[in-house]
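Trainee: Just dropping this structure here.
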Amino acid sequence: MRDRIADIELTCIDHGAPAVLIPAQALGKSGYESVEALDADIAFQTRLERLRLAAGVLMGLGDVSGRAEPSMILIAAPQAGGLICTRDFRAQRCNAAIGLRSAINVASACALPGSVAADLVAIPSGAPLLISLEHPSGALAARLELAGSGEHLSIVCCSLVLTARALMDGNVLLPHSVWDGARYFGGGGGQR
């Protein structure tokens, strides 16, 4: 549930794709920084990459230089009503949201006793568990189904609650002199 690399306690997890969860404060960050601020901090990026390379070996992935995985995820206490706050890094860039596989990893780690994420969260009661993951552009909800408890806890299912929003709805009225619709509607001046 917990490893130590260069005096940093972290959780290496692979529930969909290899990832490393690190408490933001362990790296001198709040976990609430903007994407731009994190991407511009070269010393931080260098340190994060060193941890990623060491974690790749620890996770049995070998030399991960030049690869995107494992992703690195900074975690912090929530600040906007969620259960945990995240900053997801892939290929040394902070994601403007959180990747779906990263979200599954974070949600799973929140429920696993002994993980670094479990230290930051107060797991709600009830089944299934609904976990709101804060990220730079909003939040993403995960749903966990668990079986057992303590050392015998297992994650039966993890799903994400995704939403879609309409981007546009409307009509465009074009004069017949601009477009007669023949190509798309078989003639008839745009009539269906």
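For the structure tokens, the naming scheme is as follows: chains receive sequential letters (A, B, ...) according to their order of presentation, residues are indexed from 1 within each chain, and ligands are indexed from 1 in presentation order.
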Could you name the residues that touch range 71-78 of chain A at 10 Å or less, counting only C-alpha atoms, but leaving out those on the same chain fewer than 6 positions away, as number ranges by chain?
Mentor: A: 10-12, 17-27, 29-32, 48-49, 51-52, 55-56, 84-95, 98-99, 101-103, 105-106, 116-117, 119-122, 132-135
Trainee: Can you list, as a list in words, all residues belonging to range 55-174 of chain A that DSSP tags as alpha helix (DSSP H)?
Mentor: Ala55, Gly56, Val57, Leu58, Leu100, Arg101, Ser102, Ala103, Ile104, Asn105, Val106, Ala107, Ser108, Ala109, Cys110 and Ala111 of chain A
Trainee: One number please: CA of Asp180 in chain A to CA of Leu167 in chain A, in Å, one decimal.
Mentor: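 Atom-to-atom, CA of Asp180 in chain A and CA of Leu167 in chain A are spaced 26.3 Å apart.
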Trainee: Would you mind writing down, as a ChimeraX atom specification, each residue of chain A that DSSP on the backbone assigns to strand (DSSP E)?
Mentor: /A:3-5,8-14,18-23,71-76,84-90,93-94,129-135,138-147,154-161
Trainee: Which residues are close to Ile131 in chain A, i.e. within 12 Å by only C-alpha atoms, leaving aside same-chain residues fewer than 4 positions away? Reply as number ranges by chain.
Mentor: A: 78, 81-85, 103-111, 121-127, 139-145, 158-161
Trainee: Take the residues from that selection and write them out as a compact mmCIF listing (two decimals), in the first residue's frame, keeping N, CA and C atoms.
Mentor:
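Once everything was written out, this is selection05.txt:
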# COMPACT_ATOMS: atom_id res chain seq x y z
N PRO A 78 -9.31 17.84 0.03
CA PRO A 78 -10.20 18.57 -0.88
C PRO A 78 -10.34 20.03 -0.47
N GLY A 81 -15.35 20.72 -1.86
CA GLY A 81 -16.46 19.83 -1.58
C GLY A 81 -16.29 18.39 -2.04
N GLY A 82 -15.17 18.06 -2.67
CA GLY A 82 -14.93 16.69 -3.09
C GLY A 82 -14.37 15.86 -1.95
N LEU A 83 -13.86 14.67 -2.29
CA LEU A 83 -13.27 13.81 -1.28
C LEU A 83 -11.75 13.96 -1.26
N ILE A 84 -11.17 14.28 -2.43
CA ILE A 84 -9.72 14.43 -2.55
C ILE A 84 -9.42 15.34 -3.74
N CYS A 85 -8.33 16.06 -3.66
CA CYS A 85 -7.92 16.97 -4.73
C CYS A 85 -6.73 16.34 -5.48
N ALA A 103 -8.08 8.48 -12.57
CA ALA A 103 -9.20 8.64 -11.64
C ALA A 103 -9.54 7.31 -10.97
N ILE A 104 -9.51 6.23 -11.73
CA ILE A 104 -9.78 4.91 -11.16
C ILE A 104 -8.72 4.57 -10.10
N ASN A 105 -7.46 4.87 -10.41
CA ASN A 105 -6.39 4.62 -9.44
C ASN A 105 -6.58 5.41 -8.16
N VAL A 106 -6.90 6.68 -8.28
CA VAL A 106 -7.05 7.53 -7.10
C VAL A 106 -8.25 7.08 -6.28
N ALA A 107 -9.38 6.84 -6.93
CA ALA A 107 -10.57 6.39 -6.21
C ALA A 107 -10.29 5.08 -5.48
N SER A 108 -9.63 4.15 -6.14
CA SER A 108 -9.31 2.87 -5.52
C SER A 108 -8.40 3.06 -4.32
N ALA A 109 -7.37 3.89 -4.47
CA ALA A 109 -6.42 4.13 -3.38
C ALA A 109 -7.10 4.78 -2.18
N CYS A 110 -8.11 5.61 -2.43
CA CYS A 110 -8.83 6.24 -1.32
C CYS A 110 -9.47 5.20 -0.41
N ALA A 111 -9.91 4.10 -0.99
CA ALA A 111 -10.61 3.07 -0.22
C ALA A 111 -9.67 2.05 0.41
N VAL A 121 -8.41 11.20 3.26
CA VAL A 121 -9.84 11.17 3.01
C VAL A 121 -10.63 10.63 4.19
N ALA A 122 -11.85 11.05 4.28
CA ALA A 122 -12.81 10.47 5.21
C ALA A 122 -13.81 9.73 4.34
N ILE A 123 -13.66 8.41 4.26
CA ILE A 123 -14.52 7.61 3.39
C ILE A 123 -15.96 7.68 3.88
N PRO A 124 -16.88 8.03 2.98
CA PRO A 124 -18.28 8.09 3.39
C PRO A 124 -18.83 6.68 3.63
N SER A 125 -19.87 6.61 4.42
CA SER A 125 -20.48 5.31 4.66
C SER A 125 -21.44 5.00 3.51
N GLY A 126 -21.85 3.76 3.46
CA GLY A 126 -22.79 3.35 2.44
C GLY A 126 -22.12 2.59 1.32
N ALA A 127 -22.95 1.93 0.57
CA ALA A 127 -22.46 1.17 -0.58
C ALA A 127 -23.41 1.42 -1.73
N ALA A 139 -14.49 18.49 -11.30
CA ALA A 139 -14.51 17.26 -10.49
C ALA A 139 -15.00 16.11 -11.35
N LEU A 140 -14.65 14.92 -10.92
CA LEU A 140 -15.07 13.69 -11.58
C LEU A 140 -15.51 12.73 -10.49
N ALA A 141 -16.65 12.09 -10.68
CA ALA A 141 -17.16 11.17 -9.67
C ALA A 141 -16.82 9.73 -10.04
N ALA A 142 -16.40 8.98 -9.04
CA ALA A 142 -16.12 7.56 -9.21
C ALA A 142 -17.03 6.79 -8.26
N ARG A 143 -17.40 5.60 -8.70
CA ARG A 143 -18.28 4.73 -7.91
C ARG A 143 -17.52 3.44 -7.65
N LEU A 144 -17.36 3.08 -6.37
CA LEU A 144 -16.62 1.88 -5.99
C LEU A 144 -17.55 0.89 -5.31
N GLU A 145 -17.42 -0.36 -5.72
CA GLU A 145 -18.10 -1.46 -5.02
C GLU A 145 -17.01 -2.27 -4.34
N CYS A 158 -15.03 -0.61 -10.12
CA CYS A 158 -14.86 0.84 -10.07
C CYS A 158 -15.36 1.39 -11.39
N SER A 159 -16.26 2.33 -11.33
CA SER A 159 -16.77 2.95 -12.54
C SER A 159 -16.75 4.46 -12.36
N LEU A 160 -16.77 5.15 -13.46
CA LEU A 160 -16.74 6.61 -13.44
C LEU A 160 -18.08 7.15 -13.89
N VAL A 161 -18.48 8.22 -13.29
CA VAL A 161 -19.72 8.87 -13.65
C VAL A 161 -19.36 10.02 -14.59
Trainee: Taking only C-alpha atoms into account, name the residue in A:Val156, A:Ser115, A:Ser149, A:Phe44 that is nearest to Pro128 in chain A.
Mentor: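 Of the candidates, the smallest distance to Pro128 in chain A is held by A:Val156.
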